[in-house]
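Have a look at input39.cif; it's mmCIF, C-alpha atoms:
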```cif
data_my_file
#
loop_
_atom_site.label_atom_id
_atom_site.label_comp_id
_atom_site.auth_asym_id
_atom_site.auth_seq_id
_atom_site.Cartn_x
_atom_site.Cartn_y
_atom_site.Cartn_z
CA MET A 1 -67.37 45.86 28.78
CA THR A 2 -64.62 43.52 29.92
CA PRO A 3 -62.16 45.58 32.00
CA ILE A 4 -58.85 46.24 30.21
CA SER A 5 -55.50 47.45 31.53
CA LEU A 6 -53.57 49.59 29.05
CA CYS A 7 -49.84 48.96 29.54
CA ILE A 8 -47.00 51.14 28.28
CA ILE A 9 -43.25 50.97 28.88
CA GLY A 10 -40.87 53.83 28.13
CA LYS A 11 -37.83 55.92 28.90
CA ASN A 12 -37.28 59.63 28.23
CA GLU A 13 -40.40 59.89 26.10
CA GLU A 14 -41.56 63.39 27.03
CA GLN A 15 -41.95 64.31 23.34
CA HIS A 16 -44.39 61.41 22.84
CA ILE A 17 -46.09 60.45 26.09
CA GLU A 18 -48.81 63.13 26.12
CA ASN A 19 -49.70 62.54 22.47
CA CYS A 20 -49.95 58.86 23.33
CA LEU A 21 -52.10 59.24 26.44
CA SER A 22 -54.31 62.25 25.59
CA PRO A 23 -56.51 60.46 23.01
CA LEU A 24 -57.12 57.66 25.53
CA ALA A 25 -58.55 59.90 28.26
CA SER A 26 -62.18 59.30 27.32
CA PHE A 27 -61.90 55.51 27.44
CA PRO A 28 -62.31 53.42 30.63
CA PHE A 29 -58.87 51.81 30.68
CA GLU A 30 -56.63 51.39 33.66
CA VAL A 31 -53.34 52.92 32.45
CA VAL A 32 -50.14 51.27 33.69
CA TYR A 33 -46.93 53.08 32.78
CA VAL A 34 -43.62 51.33 33.49
CA ASP A 35 -40.58 53.58 33.35
CA THR A 36 -37.15 52.08 32.68
CA GLY A 37 -35.00 55.00 33.80
CA SER A 38 -36.24 58.37 32.54
CA THR A 39 -34.29 61.50 33.38
CA ASP A 40 -36.79 63.89 31.76
CA ARG A 41 -40.45 64.72 32.56
CA THR A 42 -41.94 61.51 31.16
CA LYS A 43 -43.20 60.13 34.49
CA ALA A 44 -44.71 63.43 35.61
CA LEU A 45 -46.51 63.86 32.29
CA ALA A 46 -47.82 60.29 32.41
CA ALA A 47 -49.10 60.83 35.96
CA ARG A 48 -50.82 64.02 34.85
CA HIS A 49 -52.87 61.88 32.47
CA GLY A 50 -53.93 59.45 35.20
CA ALA A 51 -51.39 56.67 34.63
CA LYS A 52 -50.23 54.46 37.48
CA ILE A 53 -46.44 54.82 37.51
CA TYR A 54 -44.02 52.00 38.24
CA ASP A 55 -40.23 51.91 37.99
CA PHE A 56 -38.32 49.00 36.49
CA LYS A 57 -34.54 48.81 36.43
CA TRP A 58 -33.46 48.34 32.82
CA ILE A 59 -31.70 45.00 32.21
CA ASP A 60 -31.45 45.06 28.39
CA ASP A 61 -34.63 43.01 28.09
CA PHE A 62 -37.84 44.46 26.65
CA SER A 63 -39.86 41.34 27.52
CA ALA A 64 -38.85 41.61 31.17
CA ALA A 65 -40.18 45.18 31.24
CA ARG A 66 -43.41 44.23 29.48
CA ASN A 67 -43.95 41.24 31.78
CA PHE A 68 -43.37 43.52 34.77
CA ALA A 69 -46.19 45.68 33.42
CA LEU A 70 -48.37 42.57 33.11
CA GLU A 71 -47.79 41.85 36.79
CA ARG A 72 -48.82 45.39 37.76
CA ALA A 73 -52.01 45.35 35.66
CA SER A 74 -55.15 44.95 37.78
CA HIS A 75 -57.23 43.32 35.04
CA GLU A 76 -56.85 39.98 33.25
CA TYR A 77 -57.01 41.52 29.78
CA VAL A 78 -54.23 43.85 28.76
CA LEU A 79 -53.68 46.13 25.79
CA PHE A 80 -50.13 47.26 25.00
CA LEU A 81 -49.15 50.47 23.24
CA ASP A 82 -45.76 52.10 22.70
CA CYS A 83 -45.13 55.73 23.58
CA ASP A 84 -44.69 56.69 19.94
CA GLU A 85 -48.04 55.18 18.93
CA TYR A 86 -50.93 57.64 18.92
CA LEU A 87 -54.54 56.47 18.96
CA THR A 88 -56.52 57.65 15.93
CA GLU A 89 -59.55 55.35 15.92
CA LEU A 90 -61.22 53.15 18.54
CA ASP A 91 -64.68 51.59 18.52
CA LEU A 92 -65.09 50.67 22.19
CA ALA A 93 -68.24 48.60 21.69
CA GLY A 94 -66.61 46.78 18.78
CA LEU A 95 -63.48 46.17 20.84
CA SER A 96 -65.54 44.68 23.65
CA SER A 97 -67.47 42.45 21.25
CA ALA A 98 -64.29 41.23 19.57
CA LEU A 99 -62.70 40.41 22.92
CA GLU A 100 -65.77 38.55 24.16
CA ALA A 101 -65.86 36.54 20.91
CA HIS A 102 -62.15 35.60 21.16
CA PRO A 103 -61.29 35.38 24.88
CA GLN A 104 -58.42 32.92 24.28
CA GLY A 105 -56.96 34.68 21.24
CA VAL A 106 -54.70 37.65 20.62
CA GLY A 107 -56.10 40.88 19.20
CA LEU A 108 -54.36 42.69 16.34
CA LEU A 109 -54.53 46.47 16.20
CA LEU A 110 -53.91 48.38 12.97
CA ARG A 111 -50.70 50.43 13.00
CA ASN A 112 -49.82 53.04 10.39
CA ASN A 113 -46.03 53.39 10.34
CA TYR A 114 -45.01 56.83 9.11
CA TYR A 115 -41.70 57.52 7.41
CA GLU A 116 -40.24 59.62 4.62
CA ALA A 117 -39.49 58.06 1.22
CA ASN A 118 -38.80 59.70 -2.14
CA GLY A 119 -39.25 63.11 -0.52
CA THR A 120 -42.79 62.22 0.54
CA GLN A 121 -44.23 61.56 3.98
CA THR A 122 -45.80 58.14 3.65
CA ASN A 123 -46.84 55.15 5.71
CA TYR A 124 -47.21 51.42 5.55
CA PRO A 125 -49.87 49.64 7.60
CA ASP A 126 -49.39 46.46 9.58
CA ARG A 127 -51.28 44.45 12.17
CA VAL A 128 -49.57 43.84 15.52
CA GLU A 129 -50.46 41.62 18.49
CA ARG A 130 -51.43 43.78 21.46
CA LEU A 131 -54.59 42.59 23.27
CA PHE A 132 -54.69 39.34 25.27
CA SER A 133 -55.29 37.61 28.58
CA LYS A 134 -52.29 37.84 30.89
CA LYS A 135 -53.35 34.50 32.39
CA ARG A 136 -52.70 32.76 29.10
CA PHE A 137 -49.96 34.86 27.46
CA TYR A 138 -46.74 36.68 28.26
CA TYR A 139 -43.78 38.14 26.35
CA LYS A 140 -40.61 36.36 25.26
CA GLY A 141 -37.43 37.74 23.66
CA ILE A 142 -35.14 40.50 24.89
CA ILE A 143 -35.96 42.74 21.89
CA HIS A 144 -38.75 42.81 19.31
CA GLU A 145 -40.49 40.62 21.84
CA GLN A 146 -43.24 38.20 20.87
CA VAL A 147 -46.44 37.06 22.56
CA VAL A 148 -46.27 33.40 23.62
CA THR A 149 -48.53 31.05 25.56
CA ARG A 150 -47.87 30.12 29.17
CA GLY A 151 -47.11 26.73 30.67
CA LYS A 152 -48.75 23.77 28.98
CA ASP A 153 -51.04 25.83 26.76
CA SER A 154 -50.74 25.02 23.08
CA PRO A 155 -48.24 27.35 21.39
CA LEU A 156 -50.81 27.79 18.61
CA TYR A 157 -53.43 30.46 19.16
CA GLY A 158 -55.99 32.40 17.20
CA ARG A 159 -55.55 35.99 16.13
CA TYR A 160 -58.33 38.45 15.42
CA GLU A 161 -58.54 42.06 14.31
CA ILE A 162 -59.69 44.72 16.74
CA PRO A 163 -61.23 48.10 15.77
CA LEU A 164 -58.29 50.11 17.07
CA THR A 165 -55.88 52.14 14.91
CA VAL A 166 -52.71 53.98 15.88
CA ASP A 167 -50.23 56.19 14.08
CA HIS A 168 -46.64 55.06 14.70
CA VAL A 169 -44.24 58.02 14.42
CA GLY A 170 -41.07 56.37 15.73
CA TYR A 171 -39.47 56.16 12.27
CA ASN A 172 -39.61 59.93 11.79
CA GLY A 173 -36.56 60.81 13.89
CA GLY A 174 -34.11 61.25 11.04
CA ILE A 175 -31.30 59.00 9.85
CA ASP A 176 -28.97 59.67 12.80
CA ALA A 177 -31.63 58.70 15.32
CA MET A 178 -32.53 55.63 13.27
CA ARG A 179 -28.88 54.59 13.05
CA GLN A 180 -28.52 54.86 16.83
CA LYS A 181 -31.63 52.75 17.31
CA ALA A 182 -30.47 50.15 14.77
CA GLU A 183 -27.07 49.82 16.44
CA ARG A 184 -28.64 49.47 19.87
CA ASN A 185 -31.12 46.87 18.64
CA ASN A 186 -28.53 44.82 16.78
CA ILE A 187 -26.27 44.54 19.83
CA LEU A 188 -29.14 42.80 21.62
CA LEU A 189 -30.17 40.78 18.57
CA PHE A 190 -26.69 39.41 17.88
CA ARG A 191 -26.48 38.43 21.55
CA GLU A 192 -29.70 36.46 21.13
CA ILE A 193 -28.54 34.86 17.88
CA LYS A 194 -25.56 33.38 19.72
CA LYS A 195 -28.01 31.68 22.08
CA ASN A 196 -30.58 30.74 19.42
CA PRO A 197 -28.86 30.50 16.01
CA SER A 198 -31.79 28.62 14.45
CA ASP A 199 -34.47 31.25 15.23
CA PRO A 200 -35.48 32.90 11.91
CA TYR A 201 -37.28 35.76 13.68
CA LEU A 202 -33.99 37.10 15.04
CA TYR A 203 -32.38 37.26 11.59
CA PHE A 204 -35.51 38.98 10.27
CA GLN A 205 -35.22 41.67 12.93
CA VAL A 206 -31.52 42.24 12.18
CA GLY A 207 -32.52 42.68 8.57
CA GLN A 208 -35.17 45.19 9.65
CA SER A 209 -32.56 47.18 11.57
CA TYR A 210 -30.36 47.47 8.49
CA ASN A 211 -33.36 48.18 6.29
CA SER A 212 -34.35 51.12 8.51
CA ILE A 213 -31.03 52.85 7.73
CA TYR A 214 -31.09 51.95 4.01
CA ASP A 215 -28.27 49.41 4.32
CA TYR A 216 -29.89 47.08 1.82
CA GLU A 217 -26.86 44.83 1.35
CA ASN A 218 -26.82 43.79 5.00
CA ALA A 219 -30.62 43.68 5.08
CA TYR A 220 -30.52 41.24 2.15
CA THR A 221 -27.95 39.07 3.95
CA TYR A 222 -30.05 38.65 7.08
CA TYR A 223 -33.41 38.22 5.34
CA LYS A 224 -31.73 35.47 3.30
CA LYS A 225 -30.53 33.79 6.51
CA SER A 226 -34.07 33.89 7.88
CA PHE A 227 -35.63 32.45 4.71
CA ALA A 228 -33.08 29.63 4.80
CA LEU A 229 -34.66 28.39 8.06
CA PRO A 230 -38.10 26.76 8.49
CA LEU A 231 -40.82 29.41 8.35
CA HIS A 232 -44.55 29.47 9.02
CA PHE A 233 -45.64 31.63 6.09
CA PRO A 234 -48.97 32.88 7.56
CA GLU A 235 -47.12 34.58 10.45
CA PRO A 236 -47.56 38.37 10.07
CA TRP A 237 -43.82 39.00 10.42
CA VAL A 238 -43.03 36.53 7.63
CA GLN A 239 -45.46 38.38 5.36
CA ILE A 240 -43.66 41.64 6.17
CA MET A 241 -40.26 40.05 5.59
CA ALA A 242 -41.22 38.79 2.15
CA THR A 243 -41.81 42.31 0.90
CA ALA A 244 -38.71 43.65 2.67
CA TYR A 245 -36.55 40.88 1.17
CA ILE A 246 -37.81 41.61 -2.34
CA ASN A 247 -37.14 45.32 -1.86
CA ALA A 248 -33.60 44.61 -0.62
CA MET A 249 -32.97 42.46 -3.70
CA ASN A 250 -34.34 45.18 -5.98
CA HIS A 251 -32.09 47.78 -4.35
CA THR A 252 -28.99 45.60 -4.69
CA GLY A 253 -29.36 44.53 -8.31
CA ARG A 254 -30.82 41.09 -7.53
CA SER A 255 -34.25 41.41 -9.16
CA ALA A 256 -33.70 38.27 -11.25
CA GLU A 257 -32.94 36.38 -8.04
CA ALA A 258 -36.14 37.77 -6.50
CA GLN A 259 -38.17 36.53 -9.46
CA THR A 260 -36.66 33.05 -9.26
CA PHE A 261 -37.10 32.84 -5.49
CA PHE A 262 -40.57 34.31 -5.02
CA GLU A 263 -42.57 33.17 -8.04
CA PRO A 264 -42.83 29.60 -6.61
CA LEU A 265 -43.88 31.10 -3.23
CA TYR A 266 -46.29 33.64 -4.71
CA GLY A 267 -49.44 32.05 -3.32
CA HIS A 268 -48.20 32.35 0.26
CA PHE A 269 -48.01 36.14 0.05
CA SER A 270 -50.71 37.11 -2.44
CA GLY A 271 -53.43 39.43 -1.19
CA ASP A 272 -51.01 42.01 0.19
CA ALA A 273 -50.67 45.29 -1.72
CA ASN A 274 -47.09 45.87 -0.62
CA PHE A 275 -46.08 42.44 -1.91
CA TYR A 276 -47.75 43.09 -5.26
CA CYS A 277 -46.00 46.46 -5.62
CA SER A 278 -42.64 44.90 -4.82
CA MET A 279 -43.15 42.10 -7.34
CA GLY A 280 -44.15 44.68 -9.92
CA ASN A 281 -40.84 46.42 -9.29
CA VAL A 282 -39.05 43.10 -9.81
CA TYR A 283 -40.51 42.78 -13.30
CA LEU A 284 -39.61 46.37 -14.17
CA ASN A 285 -36.02 45.87 -13.01
CA LEU A 286 -35.38 42.73 -15.07
CA ASP A 287 -33.15 42.85 -18.12
CA PRO A 288 -35.09 43.08 -20.35
CA PRO A 289 -38.03 44.52 -18.34
CA GLN A 290 -41.41 42.81 -18.35
CA PRO A 291 -43.74 45.85 -18.19
CA LEU A 292 -47.03 44.02 -18.73
CA LYS A 293 -46.35 41.61 -15.87
CA ALA A 294 -45.35 44.59 -13.75
CA MET A 295 -48.58 46.42 -14.55
CA ALA A 296 -50.64 43.39 -13.57
CA GLU A 297 -49.03 43.45 -10.12
CA TYR A 298 -49.71 47.17 -9.63
CA VAL A 299 -53.34 46.71 -10.64
CA LYS A 300 -53.66 43.93 -8.06
CA ALA A 301 -52.23 46.29 -5.44
CA LEU A 302 -54.90 48.89 -6.15
CA GLN A 303 -57.60 46.24 -5.79
CA CYS A 304 -56.42 45.09 -2.36
CA PRO A 305 -58.63 45.89 0.63
CA ASP A 306 -55.57 47.24 2.46
CA ALA A 307 -54.93 49.89 -0.21
CA ARG A 308 -55.10 53.18 1.68
CA GLU A 309 -55.71 56.65 0.31
CA LYS A 310 -52.56 58.78 0.65
CA GLY A 311 -50.61 55.63 1.51
CA ALA A 312 -47.89 53.75 -0.30
CA ASN A 313 -50.43 51.21 -1.52
CA SER A 314 -52.17 53.85 -3.63
CA TYR A 315 -49.82 56.43 -5.09
CA ILE A 316 -46.93 54.02 -5.72
CA PRO A 317 -48.97 51.70 -7.97
CA TYR A 318 -50.58 54.74 -9.65
CA TYR A 319 -47.15 56.18 -10.37
CA ASN A 320 -45.71 52.91 -11.60
CA ILE A 321 -48.70 52.20 -13.83
CA GLY A 322 -48.01 55.61 -15.31
CA LEU A 323 -44.37 54.63 -15.78
CA VAL A 324 -45.35 51.39 -17.51
CA ASN A 325 -47.73 53.22 -19.84
CA GLU A 326 -44.97 55.66 -20.69
CA MET A 327 -42.61 52.76 -21.46
CA LEU A 328 -45.27 51.32 -23.77
CA GLY A 329 -45.69 54.64 -25.58
CA SER A 330 -49.12 55.51 -24.16
CA ARG A 331 -48.42 59.08 -23.04
CA ASP A 332 -52.03 60.09 -22.33
CA SER A 333 -52.63 57.07 -20.11
CA ALA A 334 -49.33 57.73 -18.34
CA LEU A 335 -50.35 61.32 -17.63
CA GLY A 336 -53.65 60.16 -16.13
CA PHE A 337 -51.97 57.84 -13.65
CA TYR A 338 -49.23 60.35 -12.80
CA GLN A 339 -52.00 62.83 -12.02
CA LYS A 340 -53.64 60.35 -9.64
CA ALA A 341 -50.32 59.85 -7.82
CA ALA A 342 -49.58 63.58 -7.80
CA GLY A 343 -53.03 64.24 -6.35
CA LEU A 344 -51.99 62.13 -3.38
CA GLY A 345 -48.85 64.19 -2.87
CA PHE A 346 -46.26 61.86 -4.41
CA SER A 347 -43.30 64.10 -5.32
CA PRO A 348 -41.84 61.95 -8.15
CA ALA A 349 -45.23 62.02 -9.90
CA ILE A 350 -45.42 65.81 -9.58
CA GLU A 351 -41.93 66.11 -11.03
CA ARG A 352 -42.68 63.68 -13.86
CA LEU A 353 -45.82 65.63 -14.82
CA ALA A 354 -43.78 68.82 -14.94
CA ASP A 355 -41.22 67.16 -17.20
CA LEU A 356 -43.82 65.77 -19.59
CA ASN A 357 -45.73 69.03 -19.73
CA GLY A 358 -42.55 71.06 -20.20
CA THR A 359 -43.15 73.23 -17.13
#
```

Here is a file; write its structure as structure tokens.
Amino acid sequence: MTPISLCIIGKNEEQHIENCLSPLASFPFEVVYVDTGSTDRTKALAARHGAKIYDFKWIDDFSAARNFALERASHEYVLFLDCDEYLTELDLAGLSSALEAHPQGVGLLLRNNYYEANGTQTNYPDRVERLFSKKRFYYKGIIHEQVVTRGKDSPLYGRYEIPLTVDHVGYNGGIDAMRQKAERNNILLFREIKKNPSDPYLYFQVGQSYNSIYDYENAYTYYKKSFALPLHFPEPWVQIMATAYINAMNHTGRSAEAQTFFEPLYGHFSGDANFYCSMGNVYLNLDPPQPLKAMAEYVKALQCPDAREKGANSYIPYYNIGLVNEMLGSRDSALGFYQKAAGLGFSPAIERLADLNGT
């Protein structure tokens, strides 16, 4: 197969680094670990797993650290992981074939982002750019850095999916840890916005910071700023933002605004289960509610290829279809869908079944 350098940057990640590196031991990757100032055992643990260790003085710039790792990688093709991303699936032959078929593109791994919501451990999946040629690409942006082309190469490039899946556990640190991270990130993001006030990606990431700590009012404000600027709708981050923006509007009593704004844009985001679920919630939150339109969205979510067992794209639509049936007076149908959601561990569905059954 084409040789690949696996690059990781980190600082004080002793609780994650072994879980990150252990599953990779059986694969023929050169492992490059760049440390930005650890005071714990991170470097020693990384070395124990065969990583080549390099130190980089932190300068408040994630791209600088990632590009330093690119320079230290021995191979042209690099694969980036974060310390809190744990490999769960990798088809090495399939990875090699995908890379050989798309040597000038950027490979997208599948990341399952775990977090707690409604008393239930859940996840949402996304695809992130992580595999590419360091001769053609590098990183840009001091935080939430993006892959960009070098020199005179066209800024447009192809993306392709790779058969590699990771579990991302970085959102499981509790609200205090998330608030610290959000504050740190926003300091850097606001600094960048002063330099580049017309970059919609920066406003999106500020919105994401606020969203991570359930500050939906501020999240709404910054998603709105991003959507007010020119956007390329097929970009993966724009697809994510659409759902996040709808959710922020639902949480802040702006569901009617969400309906007015997103119905004309519907075709740009259709095909994503999270988007369908969020639009279904819009219709349920209207005054008066539109339960049949809501149910249609939840059914679409269940039919999406990205619907995942035990994930938010399965038990949430099951639960909400149950809720719609209950609103329409169809108790037996409601019970059936609540049972499907409860079977996947969704606490509100378990509680609703207990209420309806009088237990």

Practice prompt. Run the PyMOL selection byres ((chain A and resi 167) around 8) against the file shown and list the residues it catches, as a PyMOL selection string.
Written response: chain A and resi 85-88+111-114+165-166+168-169

Item to complete: Fewer than 5 positions away in the same chain doesn't count, so skip those; otherwise give me all residues within 8 Å of His75 in chain A, counting only C-alpha atoms, as a list in words.
Response: Pro3, Ile4 and Ser5 of chain A

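Between CA of Ala342 in chain A and CA of Ala244 in chain A lies a distance of 25.0 Å.
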
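Closest to Leu81 in chain A among A:Leu109, A:Ala101, A:Ile59, A:Cys7 is A:Cys7, based on all atoms listed in the file.
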
Discussion item. Evaluate the PyMOL selection byres ((chain A and resi 97) around 12) against this structure - the residues, as a ChimeraX atom specification, please.
Written reply: /A:1-2,91-96,98-103,107,160-163

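Picked by the PyMOL selection byres ((chain A and resi 353) around 12) from the coordinates shown: Tyr319, Gly322, Leu323, Glu326, Arg331, Asp332, Ala334, Leu335, Gly336, Phe337, Tyr338, Gln339, Lys340, Ala341, Ala342, Gly343, Phe346, Ser347, Pro348, Ala349, Ile350, Glu351, Arg352, Ala354, Asp355, Leu356, Asn357, Gly358 and Thr359 of chain A.
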
For the residues selected in the previous step, produce a file with C-alpha atoms as a PDB file, in the frame of the given file.
```pdb
ATOM      1  CA  TYR A 319     -47.150  56.180 -10.370  1.00  0.00           C
ATOM      2  CA  GLY A 322     -48.010  55.610 -15.310  1.00  0.00           C
ATOM      3  CA  LEU A 323     -44.370  54.630 -15.780  1.00  0.00           C
ATOM      4  CA  GLU A 326     -44.970  55.660 -20.690  1.00  0.00           C
ATOM      5  CA  ARG A 331     -48.420  59.080 -23.040  1.00  0.00           C
ATOM      6  CA  ASP A 332     -52.030  60.090 -22.330  1.00  0.00           C
ATOM      7  CA  ALA A 334     -49.330  57.730 -18.340  1.00  0.00           C
ATOM      8  CA  LEU A 335     -50.350  61.320 -17.630  1.00  0.00           C
ATOM      9  CA  GLY A 336     -53.650  60.160 -16.130  1.00  0.00           C
ATOM     10  CA  PHE A 337     -51.970  57.840 -13.650  1.00  0.00           C
ATOM     11  CA  TYR A 338     -49.230  60.350 -12.800  1.00  0.00           C
ATOM     12  CA  GLN A 339     -52.000  62.830 -12.020  1.00  0.00           C
ATOM     13  CA  LYS A 340     -53.640  60.350  -9.640  1.00  0.00           C
ATOM     14  CA  ALA A 341     -50.320  59.850  -7.820  1.00  0.00           C
ATOM     15  CA  ALA A 342     -49.580  63.580  -7.800  1.00  0.00           C
ATOM     16  CA  GLY A 343     -53.030  64.240  -6.350  1.00  0.00           C
ATOM     17  CA  PHE A 346     -46.260  61.860  -4.410  1.00  0.00           C
ATOM     18  CA  SER A 347     -43.300  64.100  -5.320  1.00  0.00           C
ATOM     19  CA  PRO A 348     -41.840  61.950  -8.150  1.00  0.00           C
ATOM     20  CA  ALA A 349     -45.230  62.020  -9.900  1.00  0.00           C
ATOM     21  CA  ILE A 350     -45.420  65.810  -9.580  1.00  0.00           C
ATOM     22  CA  GLU A 351     -41.930  66.110 -11.030  1.00  0.00           C
ATOM     23  CA  ARG A 352     -42.680  63.680 -13.860  1.00  0.00           C
ATOM     24  CA  ALA A 354     -43.780  68.820 -14.940  1.00  0.00           C
ATOM     25  CA  ASP A 355     -41.220  67.160 -17.200  1.00  0.00           C
ATOM     26  CA  LEU A 356     -43.820  65.770 -19.590  1.00  0.00           C
ATOM     27  CA  ASN A 357     -45.730  69.030 -19.730  1.00  0.00           C
ATOM     28  CA  GLY A 358     -42.550  71.060 -20.200  1.00  0.00           C
ATOM     29  CA  THR A 359     -43.150  73.230 -17.130  1.00  0.00           C
TER      30      THR A 359
END
```

Discussion item. Can you pull out the residues contacting Ala296 in chain A? Cut-off 9 Å, using all atoms listed in the file, and skip same-chain residues under 4 positions away; I want them as a ChimeraX atom specification.
Written reply: /A:276,280,291-292,300-301

Practice prompt. Check the smallest atom-to-atom distance from each of A:Tyr157, A:Phe27, A:Phe80, A:Tyr171 to Asn123 in chain A using only C-alpha atoms, then report the winner.
Written response: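 For Asn123 in chain A, the nearest of the candidates is A:Tyr171.
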
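Contact shell of range 139-155 of chain A at 9 Å (all atoms listed in the file; same-chain neighbours under 4 positions omitted): Asp60, Asp61, Phe62, Ser63, Ala64, Arg66, Asn67, Val106, Glu129, Arg130, Phe132, Lys135, Asn185, Leu188, Leu189, Glu192, Leu202 and Gln205 of chain A.
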
Discussion item. Please list as a PyMOL selection string every residue within 10 Å of Ala228 in chain A, counting only C-alpha atoms and excluding residues in the same chain fewer than 6 positions away.
Written reply: chain A and resi 198+200+222

Item to complete: Measuring atom to atom with all atoms listed in the file, identify which of A:Leu344, A:Leu302, A:Val78, A:Met295 is nearest to Val324 in chain A.
Response: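 Using all atoms listed in the file, Val324 in chain A sits closest to A:Met295.
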
Worksheet entry | Gap from CA of Phe204 in chain A to CA of Met241 in chain A - Å, one decimal | 6.8 Å

Worksheet item: Which residues come within 12 Å of Thr243 in chain A, counting all atoms listed in the file, excluding same-chain residues fewer than 5 positions away, as an MDAnalysis selection string?
Response: chainID A and resid 124 204 208 211 220 223 236:238 248:250 258 262 266 268:270 272:282

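In this model, the gap between CA of Ser209 in chain A and CA of Asn19 in chain A comes to 25.5 Å.
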
Item to complete: Go through A:Thr39, A:Lys195, A:Ala46, A:Val31 one by one, measure the shortest atom-to-atom distance of each to Arg72 in chain A using all atoms listed in the file, and give the residue with the smallest value.
Response: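 Checking each candidate against Arg72 in chain A, we get A:Val31 as the closest.
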
Item to complete: Go through A:Leu265, A:Ile193, A:Leu328, A:Ala182 and flag the residue nearest Pro289 in chain A, using all atoms listed in the file for the distances.
Response: A:Leu328

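Proximity to Ile175 in chain A was assessed for A:Val32, A:Ile213, A:Leu6, A:Ile321 counting only C-alpha atoms; the smallest distance is recorded for A:Ile213.
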